[in-house]
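Engineer: my_file_36.cif is reproduced below (mmCIF, C-alpha atoms).
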data_run
loop_
_atom_site.group_PDB
_atom_site.id
_atom_site.type_symbol
_atom_site.label_atom_id
_atom_site.label_comp_id
_atom_site.auth_asym_id
_atom_site.auth_seq_id
_atom_site.Cartn_x
_atom_site.Cartn_y
_atom_site.Cartn_z
ATOM 1 C CA MET N 26 0.000 0.000 0.000
ATOM 2 C CA THR N 27 1.490 3.310 -1.061
ATOM 3 C CA ILE N 28 1.999 6.157 1.387
ATOM 4 C CA PRO N 29 -0.011 9.286 0.432
ATOM 5 C CA ARG N 30 2.030 12.148 -0.958
ATOM 6 C CA ASP N 31 1.296 14.562 1.889
ATOM 7 C CA VAL N 32 2.346 11.949 4.451
ATOM 8 C CA GLN N 33 5.543 11.178 2.533
ATOM 9 C CA GLU N 34 6.411 14.888 2.545
ATOM 10 C CA PHE N 35 5.856 14.874 6.311
ATOM 11 C CA LEU N 36 8.072 11.817 6.753
ATOM 12 C CA ASP N 37 10.785 13.465 4.648
ATOM 13 C CA GLY N 38 10.648 16.620 6.775
ATOM 14 C CA TYR N 39 9.239 18.841 4.003
ATOM 15 C CA PRO N 40 12.566 19.274 2.195
ATOM 16 C CA ASP N 41 11.150 21.790 -0.283
ATOM 17 C CA LEU N 42 9.707 24.164 2.319
ATOM 18 C CA GLN N 43 11.953 27.165 2.833
ATOM 19 C CA ASP N 44 12.124 28.641 6.324
ATOM 20 C CA ASP N 45 10.793 32.181 6.708
ATOM 21 C CA HIS N 46 12.110 33.803 9.865
ATOM 22 C CA SER N 47 9.744 36.731 9.499
ATOM 23 C CA ALA N 48 6.728 34.424 9.877
ATOM 24 C CA THR N 49 5.941 33.864 13.563
ATOM 25 C CA ALA N 50 2.139 33.598 13.754
ATOM 26 C CA ASN N 51 2.095 30.075 15.206
ATOM 27 C CA LEU N 52 4.746 30.875 17.787
ATOM 28 C CA GLN N 53 2.929 34.063 18.803
ATOM 29 C CA PHE N 54 -0.438 32.296 19.013
ATOM 30 C CA TYR N 55 0.911 29.554 21.246
ATOM 31 C CA SER N 56 2.707 32.183 23.325
ATOM 32 C CA ASP N 57 -0.781 33.597 23.998
ATOM 33 C CA ASN N 58 0.128 36.850 22.237
ATOM 34 C CA LEU N 59 -1.965 36.540 19.087
ATOM 35 C CA LEU N 60 -5.627 35.953 18.281
ATOM 36 C CA CYS N 61 -6.366 33.174 15.843
ATOM 37 C CA ARG N 62 -8.253 34.153 12.720
ATOM 38 C CA PRO N 63 -11.090 34.197 11.889
ATOM 39 C CA ASP N 64 -12.342 33.232 15.374
ATOM 40 C CA GLY N 65 -10.483 35.966 17.256
ATOM 41 C CA ARG N 66 -9.476 33.871 20.290
ATOM 42 C CA THR N 67 -6.194 33.279 22.083
ATOM 43 C CA ILE N 68 -5.061 29.746 22.775
ATOM 44 C CA SER N 69 -5.916 30.141 26.475
ATOM 45 C CA GLN N 70 -9.416 31.344 25.632
ATOM 46 C CA ILE N 71 -10.042 28.360 23.375
ATOM 47 C CA HIS N 72 -8.872 25.943 26.042
ATOM 48 C CA LYS N 73 -11.073 27.545 28.705
ATOM 49 C CA LYS N 74 -14.204 28.366 26.707
ATOM 50 C CA TRP N 75 -14.413 25.722 23.991
ATOM 51 C CA PHE N 76 -13.756 22.543 25.952
ATOM 52 C CA GLY N 77 -16.894 20.410 25.725
ATOM 53 C CA HIS N 78 -18.628 22.753 23.272
ATOM 54 C CA TYR N 79 -19.077 20.068 20.669
ATOM 55 C CA ASP N 80 -21.319 21.955 18.254
ATOM 56 C CA LYS N 81 -18.733 24.717 18.031
ATOM 57 C CA LEU N 82 -15.844 22.307 17.540
ATOM 58 C CA GLU N 83 -17.771 20.440 14.870
ATOM 59 C CA SER N 84 -19.092 23.372 12.861
ATOM 60 C CA LYS N 85 -16.128 25.736 12.975
ATOM 61 C CA HIS N 86 -13.251 24.868 10.676
ATOM 62 C CA GLY N 87 -10.694 27.665 11.024
ATOM 63 C CA TYR N 88 -9.359 26.819 14.485
ATOM 64 C CA ILE N 89 -7.794 23.454 13.710
ATOM 65 C CA GLN N 90 -4.935 24.992 11.682
ATOM 66 C CA TRP N 91 -4.072 27.199 14.662
ATOM 67 C CA LEU N 92 -4.333 24.520 17.344
ATOM 68 C CA PHE N 93 -2.302 22.042 15.301
ATOM 69 C CA PRO N 94 0.007 23.888 12.914
ATOM 70 C CA ILE N 95 1.993 21.813 10.426
ATOM 71 C CA GLN N 96 4.379 22.583 7.582
ATOM 72 C CA GLU N 97 1.550 22.539 5.047
ATOM 73 C CA TYR N 98 -1.051 24.984 3.827
ATOM 74 C CA GLY N 99 -4.642 24.335 4.862
ATOM 75 C CA MET N 100 -8.002 25.714 3.866
ATOM 76 C CA ASN N 101 -7.861 28.543 6.413
ATOM 77 C CA TYR N 102 -5.948 31.167 4.467
ATOM 78 C CA GLU N 103 -5.796 33.351 7.569
ATOM 79 C CA SER N 104 -3.519 30.814 9.215
ATOM 80 C CA GLN N 105 0.153 30.273 8.504
ATOM 81 C CA PRO N 106 2.138 27.122 7.795
ATOM 82 C CA LEU N 107 4.489 26.085 10.555
ATOM 83 C CA TYR N 108 8.102 27.047 9.903
ATOM 84 C CA LYS N 109 11.175 25.269 11.177
ATOM 85 C CA HIS N 110 12.383 28.136 13.345
ATOM 86 C CA GLU N 111 8.956 28.186 15.031
ATOM 87 C CA ILE N 112 9.187 24.461 15.701
ATOM 88 C CA GLU N 113 12.510 24.852 17.480
ATOM 89 C CA HIS N 114 11.275 27.724 19.652
ATOM 90 C CA MET N 115 7.979 26.000 20.474
ATOM 91 C CA LYS N 116 9.572 22.649 21.337
ATOM 92 C CA ALA N 117 12.017 24.389 23.655
ATOM 93 C CA ASN N 118 9.260 26.149 25.619
ATOM 94 C CA PRO N 119 7.623 23.840 28.194
ATOM 95 C CA VAL N 120 4.631 26.172 28.552
ATOM 96 C CA ILE N 121 3.917 25.937 24.829
ATOM 97 C CA VAL N 122 4.425 22.172 24.808
ATOM 98 C CA GLN N 123 1.889 21.839 27.624
ATOM 99 C CA ARG N 124 -0.560 24.015 25.701
ATOM 100 C CA ILE N 125 -0.234 21.688 22.724
ATOM 101 C CA ILE N 126 -1.043 18.769 25.006
ATOM 102 C CA GLU N 127 -4.098 20.685 26.262
ATOM 103 C CA SER N 128 -5.183 21.185 22.657
ATOM 104 C CA TYR N 129 -4.845 17.442 22.128
ATOM 105 C CA LYS N 130 -6.961 16.780 25.217
ATOM 106 C CA LEU N 131 -9.625 19.169 23.941
ATOM 107 C CA MET N 132 -9.907 17.279 20.663
ATOM 108 C CA LEU N 133 -9.761 13.874 22.334
ATOM 109 C CA ASP N 134 -12.727 14.902 24.469
ATOM 110 C CA PHE N 135 -14.535 15.987 21.306
ATOM 111 C CA TYR N 136 -13.889 12.515 19.871
ATOM 112 C CA GLY N 137 -15.132 10.701 23.006
ATOM 113 C CA MET N 138 -11.698 9.973 24.461
ATOM 114 C CA ARG N 139 -9.406 11.137 27.238
ATOM 115 C CA LEU N 140 -5.652 11.157 27.740
ATOM 116 C CA VAL N 141 -4.949 8.938 30.735
ATOM 117 C CA SER N 142 -1.179 9.463 30.781
ATOM 118 C CA GLU N 143 0.843 12.257 29.228
ATOM 119 C CA GLU N 144 3.957 10.170 29.828
ATOM 120 C CA THR N 145 2.901 6.999 28.005
ATOM 121 C CA GLY N 146 0.213 8.385 25.700
ATOM 122 C CA LEU N 147 -2.420 5.980 27.051
ATOM 123 C CA VAL N 148 -5.917 6.899 25.838
ATOM 124 C CA ASP N 149 -9.282 5.646 27.082
ATOM 125 C CA ARG N 150 -12.934 6.379 26.485
ATOM 126 C CA SER N 151 -14.336 9.557 28.008
ATOM 127 C CA ALA N 152 -15.475 8.987 31.585
ATOM 128 C CA PRO N 153 -18.930 9.886 32.950
ATOM 129 C CA PRO N 154 -20.621 12.316 32.869
ATOM 130 C CA ARG N 155 -19.210 12.488 29.334
ATOM 131 C CA ASN N 156 -20.942 10.157 26.884
ATOM 132 C CA TYR N 157 -18.296 8.552 24.724
ATOM 133 C CA ALA N 158 -20.889 6.744 22.574
ATOM 134 C CA THR N 159 -22.405 9.915 21.119
ATOM 135 C CA ARG N 160 -18.960 11.315 20.384
ATOM 136 C CA TYR N 161 -17.862 8.076 18.705
ATOM 137 C CA HIS N 162 -21.011 8.221 16.586
ATOM 138 C CA ASN N 163 -20.199 11.779 15.543
ATOM 139 C CA LEU N 164 -16.654 10.773 14.597
ATOM 140 C CA VAL N 165 -17.952 7.928 12.445
ATOM 141 C CA ARG N 166 -20.497 10.072 10.596
ATOM 142 C CA SER N 167 -18.354 13.221 10.180
ATOM 143 C CA PRO N 168 -15.445 12.202 7.934
ATOM 144 C CA HIS N 169 -13.864 15.658 7.865
ATOM 145 C CA ASN N 170 -12.592 14.785 11.344
ATOM 146 C CA ASN N 171 -10.427 12.103 9.739
ATOM 147 C CA LEU N 172 -8.465 14.888 8.076
ATOM 148 C CA ARG N 173 -8.237 16.766 11.352
ATOM 149 C CA ILE N 174 -6.743 13.708 13.037
ATOM 150 C CA SER N 175 -4.047 13.445 10.367
ATOM 151 C CA ARG N 176 -3.127 17.066 11.092
ATOM 152 C CA ILE N 177 -3.147 16.464 14.853
ATOM 153 C CA LEU N 178 -0.788 13.499 14.579
ATOM 154 C CA LYS N 179 1.606 15.371 12.302
ATOM 155 C CA CYS N 180 1.664 18.340 14.689
ATOM 156 C CA LEU N 181 2.337 16.174 17.732
ATOM 157 C CA SER N 182 5.282 14.662 15.889
ATOM 158 C CA GLU N 183 6.662 18.091 14.980
ATOM 159 C CA MET N 184 6.454 19.199 18.603
ATOM 160 C CA GLY N 185 8.384 16.292 20.083
ATOM 161 C CA LEU N 186 5.220 14.570 21.288
ATOM 162 C CA GLU N 187 5.160 11.688 18.837
ATOM 163 C CA HIS N 188 4.882 9.164 21.678
ATOM 164 C CA LEU N 189 1.256 10.295 21.953
ATOM 165 C CA ASN N 190 0.539 9.116 18.409
ATOM 166 C CA ALA N 191 1.005 5.448 19.200
ATOM 167 C CA GLY N 192 -1.286 5.809 22.188
ATOM 168 C CA PHE N 193 -4.051 7.170 19.977
ATOM 169 C CA LEU N 194 -3.578 4.651 17.168
ATOM 170 C CA LEU N 195 -3.482 1.624 19.433
ATOM 171 C CA HIS N 196 -6.543 2.814 21.357
ATOM 172 C CA VAL N 197 -8.529 3.056 18.138
ATOM 173 C CA LEU N 198 -7.274 -0.361 17.018
ATOM 174 C CA ASN N 199 -8.300 -1.878 20.347
ATOM 175 C CA GLU N 200 -11.772 -0.344 20.065
ATOM 176 C CA GLN N 201 -12.160 -1.650 16.521
ATOM 177 C CA SER N 202 -10.974 -5.177 17.160
ATOM 178 C CA GLU N 203 -12.344 -5.840 20.643
ATOM 179 C CA ALA N 204 -15.522 -3.721 20.804
ATOM 180 C CA ASN N 205 -16.345 -3.100 17.123
ATOM 181 C CA GLU N 206 -16.317 0.645 17.851
ATOM 182 C CA LEU N 207 -14.922 3.239 15.426
ATOM 183 C CA ASN N 208 -14.868 0.414 12.919
ATOM 184 C CA SER N 209 -16.407 2.126 9.908
ATOM 185 C CA TRP N 210 -14.848 1.722 6.500
ATOM 186 C CA GLY N 211 -13.983 5.436 6.404
ATOM 187 C CA ILE N 212 -12.120 5.433 9.717
ATOM 188 C CA ARG N 213 -10.324 2.184 8.940
ATOM 189 C CA SER N 214 -9.133 3.439 5.561
ATOM 190 C CA SER N 215 -7.933 6.764 6.989
ATOM 191 C CA MET N 216 -6.180 4.945 9.798
ATOM 192 C CA ASP N 217 -4.517 2.369 7.555
ATOM 193 C CA ARG N 218 -3.128 4.813 4.973
ATOM 194 C CA TRP N 219 -2.822 8.163 6.740
ATOM 195 C CA TRP N 220 -2.865 8.003 10.532
ATOM 196 C CA SER N 221 -0.644 4.959 11.005
ATOM 197 C CA ASN N 222 1.997 6.513 8.749
ATOM 198 C CA CYS N 223 2.159 9.796 10.675
ATOM 199 C CA LEU N 224 5.099 8.509 12.703
ATOM 200 C CA ARG N 225 8.656 9.488 11.867
ATOM 201 C CA ASN N 226 9.969 6.741 14.133
ATOM 202 C CA GLU N 227 10.336 4.107 11.424
ATOM 203 C CA GLU N 228 10.466 1.181 13.839
ATOM 204 C CA GLU N 229 7.209 2.156 15.535
ATOM 205 C CA ARG N 230 5.554 3.020 12.214
ATOM 206 C CA THR N 231 6.405 -0.375 10.744
ATOM 207 C CA TRP N 232 5.406 -2.249 13.878
ATOM 208 C CA ILE N 233 2.046 -0.506 14.245
ATOM 209 C CA GLY N 234 1.326 -0.874 10.534
ATOM 210 C CA ASP N 235 2.064 -4.601 10.663
ATOM 211 C CA LEU N 236 -0.111 -4.978 13.750
ATOM 212 C CA ILE N 237 -3.020 -3.206 12.052
ATOM 213 C CA ARG N 238 -2.706 -5.460 9.019
ATOM 214 C CA LYS N 239 -2.641 -8.547 11.214
ATOM 215 C CA VAL N 240 -5.874 -7.497 12.914
ATOM 216 C CA ARG N 241 -7.489 -6.597 9.583
ATOM 217 C CA LEU N 242 -6.589 -9.970 8.078
ATOM 218 C CA ALA N 243 -7.676 -12.003 11.096
ATOM 219 C CA GLU N 244 -10.562 -14.354 10.458
ATOM 220 C CA ASP N 245 -10.221 -16.599 13.497
ATOM 221 C CA GLY N 246 -11.307 -14.354 16.333
ATOM 222 C CA ILE N 247 -7.878 -12.856 17.028
ATOM 223 C CA VAL N 248 -8.211 -9.393 18.488
ATOM 224 C CA PHE N 249 -6.003 -6.693 19.962
ATOM 225 C CA PRO N 250 -7.172 -6.524 23.599
ATOM 226 C CA ARG N 251 -6.946 -3.641 26.014
ATOM 227 C CA GLU N 252 -4.458 -5.584 28.122
ATOM 228 C CA ALA N 253 -2.029 -5.824 25.225
ATOM 229 C CA TYR N 254 -2.433 -2.121 24.447
ATOM 230 C CA GLU N 255 -1.666 -1.027 27.995
ATOM 231 C CA LYS N 256 1.226 -3.477 28.261
ATOM 232 C CA ALA N 257 2.821 -2.138 25.076
ATOM 233 C CA LEU N 258 2.840 1.463 26.278
ATOM 234 C CA LYS N 259 4.038 0.473 29.728
ATOM 235 C CA ARG N 260 6.892 -1.481 28.161
ATOM 236 C CA ARG N 261 7.909 1.490 26.039
ATOM 237 C CA ALA N 262 7.933 3.754 29.115
ATOM 238 C CA GLU N 263 10.212 1.278 30.884
ATOM 239 C CA THR N 264 12.506 0.227 28.028
ATOM 240 C CA GLY N 265 12.177 2.976 25.430
ATOM 241 C CA GLN N 266 10.909 0.478 22.858
ATOM 242 C CA LEU N 267 7.403 -0.339 21.728
ATOM 243 C CA VAL N 268 8.622 -3.253 19.640
ATOM 244 C CA ILE N 269 9.084 -6.768 20.983
ATOM 245 C CA GLN N 270 12.014 -8.636 19.501
ATOM 246 C CA GLU N 271 10.878 -12.243 19.281
ATOM 247 C CA THR N 272 11.514 -14.988 16.750
ATOM 248 C CA GLU N 273 8.172 -16.650 17.470
ATOM 249 C CA PRO N 274 5.677 -13.936 18.380
ATOM 250 C CA PRO N 275 2.821 -15.134 20.588
ATOM 251 C CA GLN N 276 -0.779 -14.886 19.467
ATOM 252 C CA ILE N 277 -2.803 -11.754 20.078
ATOM 253 C CA ASP N 278 -5.914 -13.230 21.641
ATOM 254 C CA SER N 279 -8.403 -11.606 23.989
ATOM 255 C CA HIS N 280 -8.905 -14.935 25.781
ATOM 256 C CA ASP N 281 -5.246 -15.283 26.714
ATOM 257 C CA ALA N 282 -4.673 -13.943 30.221
ATOM 258 C CA GLU N 283 -0.938 -13.715 29.579
ATOM 259 C CA VAL N 284 -1.220 -12.025 26.196
ATOM 260 C CA GLU N 285 1.932 -10.427 24.807
ATOM 261 C CA LEU N 286 1.771 -7.901 22.020
ATOM 262 C CA ALA N 287 3.808 -8.774 18.943
ATOM 263 C CA VAL N 288 3.602 -8.368 15.217
ATOM 264 C CA PRO N 289 3.673 -11.266 12.788
ATOM 265 C CA SER N 290 7.044 -12.256 11.381
ATOM 266 C CA ASP N 291 5.599 -11.769 7.951
ATOM 267 C CA VAL N 292 2.372 -10.287 6.662
ATOM 268 C CA GLU N 293 0.396 -11.724 3.800
ATOM 269 C CA ASN N 294 0.578 -9.884 0.532
ATOM 270 C CA GLY N 295 -2.442 -9.374 -1.614
ATOM 271 C CA ARG N 296 -4.431 -7.308 0.845
ATOM 272 C CA ASN N 297 -7.397 -5.567 -0.698
ATOM 273 C CA GLU N 298 -6.253 -2.140 -1.854
ATOM 274 C CA ALA N 299 -9.746 -0.682 -1.970
ATOM 275 C CA VAL N 300 -8.900 1.696 0.849
ATOM 276 C CA GLN N 301 -7.038 3.972 -1.559
ATOM 277 C CA GLY N 302 -8.590 7.403 -1.668
ATOM 278 C CA ALA N 303 -10.940 6.769 1.253
ATOM 279 C CA HIS N 304 -9.447 9.472 3.425
ATOM 280 C CA SER N 305 -12.068 11.983 2.292
ATOM 281 C CA GLN N 306 -9.495 13.920 0.295
ATOM 282 C CA PRO N 307 -7.614 13.324 -2.945
ATOM 283 C CA GLU N 308 -3.999 12.425 -2.336
ATOM 284 C CA GLY N 309 -1.986 15.566 -1.773
ATOM 285 C CA ASP N 310 -5.040 17.796 -1.410
ATOM 286 C CA LYS N 311 -4.363 19.809 1.733
ATOM 287 C CA ASN N 312 -7.916 20.805 2.595
ATOM 288 C CA ILE N 313 -7.762 20.820 6.382
#
Once more with this new file: its structure as structure tokens, please.
Structural biologist:
Amino acid sequence: MTIPRDVQEFLDGYPDLQDDHSATANLQFYSDNLLCRPDGRTISQIHKKWFGHYDKLESKHGYIQWLFPIQEYGMNYESQPLYKHEIEHMKANPVIVQRIIESYKLMLDFYGMRLVSEETGLVDRSAPPRNYATRYHNLVRSPHNNLRISRILKCLSEMGLEHLNAGFLLHVLNEQSEANELNSWGIRSSMDRWWSNCLRNEEERTWIGDLIRKVRLAEDGIVFPREAYEKALKRRAETGQLVIQETEPPQIDSHDAEVELAVPSDVENGRNEAVQGAHSQPEGDKNI
């Protein structure tokens, strides 16, 4: 399965994008010194006043480029692409990094999820009184959010928070395989081609991609259980590696109390390529 052009540019670090040191809109916005356009809010105001306002987050489209800037142009022409000098300044500022995490939490809540651990990236369903089911339903029926998620994952990677990406991806995979949630064709195709490739750590990208394919190909009841998900992130926090090095990987089975997470030694070829183009945008069309 080919990697979409916009994702390949991300993986390559946008080699054709020239830095512009006079452009500082993203840095100023995340420093709380600039109002986003067209909504006219600072980052602190959005975090305080928009959290849980789902109709606003669904219907407005200009804020996402400000909350999650990337080195690409989007449809909000009042926003600015993220430049490399901004990335370095933003990554070096712990206040800005924490604000980016708060932006991630805001969108997770909108999608019916919550960040359990900033350290490991562990994600779970929203807890009461939040209703995760209605938010999951909205995510399934509103495919423009698939594009937003691609942007979110790219931004987290740019800001040195790529460990959060695996937490999100593996949570969604667990929900799909164990609970049949978020398991629509649209979400699966976006996840398989776009989201799972928004990792610059090649080892983790390959491992997660192989795991997704194993679950997709399974016809014998094999699932990716919550236990395996939590164990994988815990292992990475302890060892620095998500990947298990094993010659004979154990089975991923929800009925196995001692389940270990591992990818298959080889993955069948000939997988149905019908997912191509299912990400709600033509390849390379930067419309979010």
Engineer: For N:Leu133, which residue out of N:Lys116, N:Tyr88, N:Phe76, N:Pro106 is the nearest one, using all atoms listed in the file?
Structural biologist: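 Among N:Lys116, N:Tyr88, N:Phe76, N:Pro106, it is N:Phe76 that comes nearest to N:Leu133.
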Engineer: Stretch 174-191 of chain N: which residues within 8 Å, counting all atoms listed in the file, same-chain residues fewer than 6 positions away excluded, as a list of chain:residue names?
Structural biologist: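 So, after excluding close chain neighbours, the residues are N:Phe35, N:Phe93, N:Pro94, N:Ile95, N:Ile112, N:Met115, N:Lys116, N:Val122, N:Ile125, N:Tyr129, N:Glu143, N:Thr145, N:Gly146, N:Leu147, N:Trp219, N:Trp220, N:Cys223, N:Leu224, N:Arg225, N:Glu229, N:Ile233, N:Ile313.
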Engineer: Give me, please, the distance in Å between atom CA of N:Ile121 and atom CA of N:Ser56, quoted to one decimal.
Structural biologist: 6.5 Å
Engineer: Expand the PyMOL selection byres ((chain N and resi 105) around 12) into the explicit residue set it covers here, and present it as a ChimeraX atom specification.
Structural biologist: /N:45,47-54,61-62,87-104,106-108,111
Engineer: Could you tell me how far atom CA of N:Met138 sits from atom CA of N:His196, in Å to one decimal place?
Structural biologist: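 Atom-to-atom, atom CA of N:His196 to atom CA of N:Met138, that is 9.4 Å.
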Engineer: For N:Pro168, which residue out of N:Asn156, N:Ser142, N:Ser215, N:Asn208 is the nearest one, using all atoms listed in the file?
Structural biologist: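 Among the listed residues, the smallest separation from N:Pro168 belongs to N:Ser215.
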Engineer: Please report the interatomic distance between atom CA of N:Tyr55 and atom CA of N:Asn222 in Å with one decimal.
Structural biologist: 26.2 Å
Engineer: I'd like to know which of N:Lys130, N:Ser214, N:His46, N:Leu242 is closest to N:His110, using only C-alpha atoms.
Structural biologist: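 Of the candidates, the smallest distance to N:His110 is held by N:His46.
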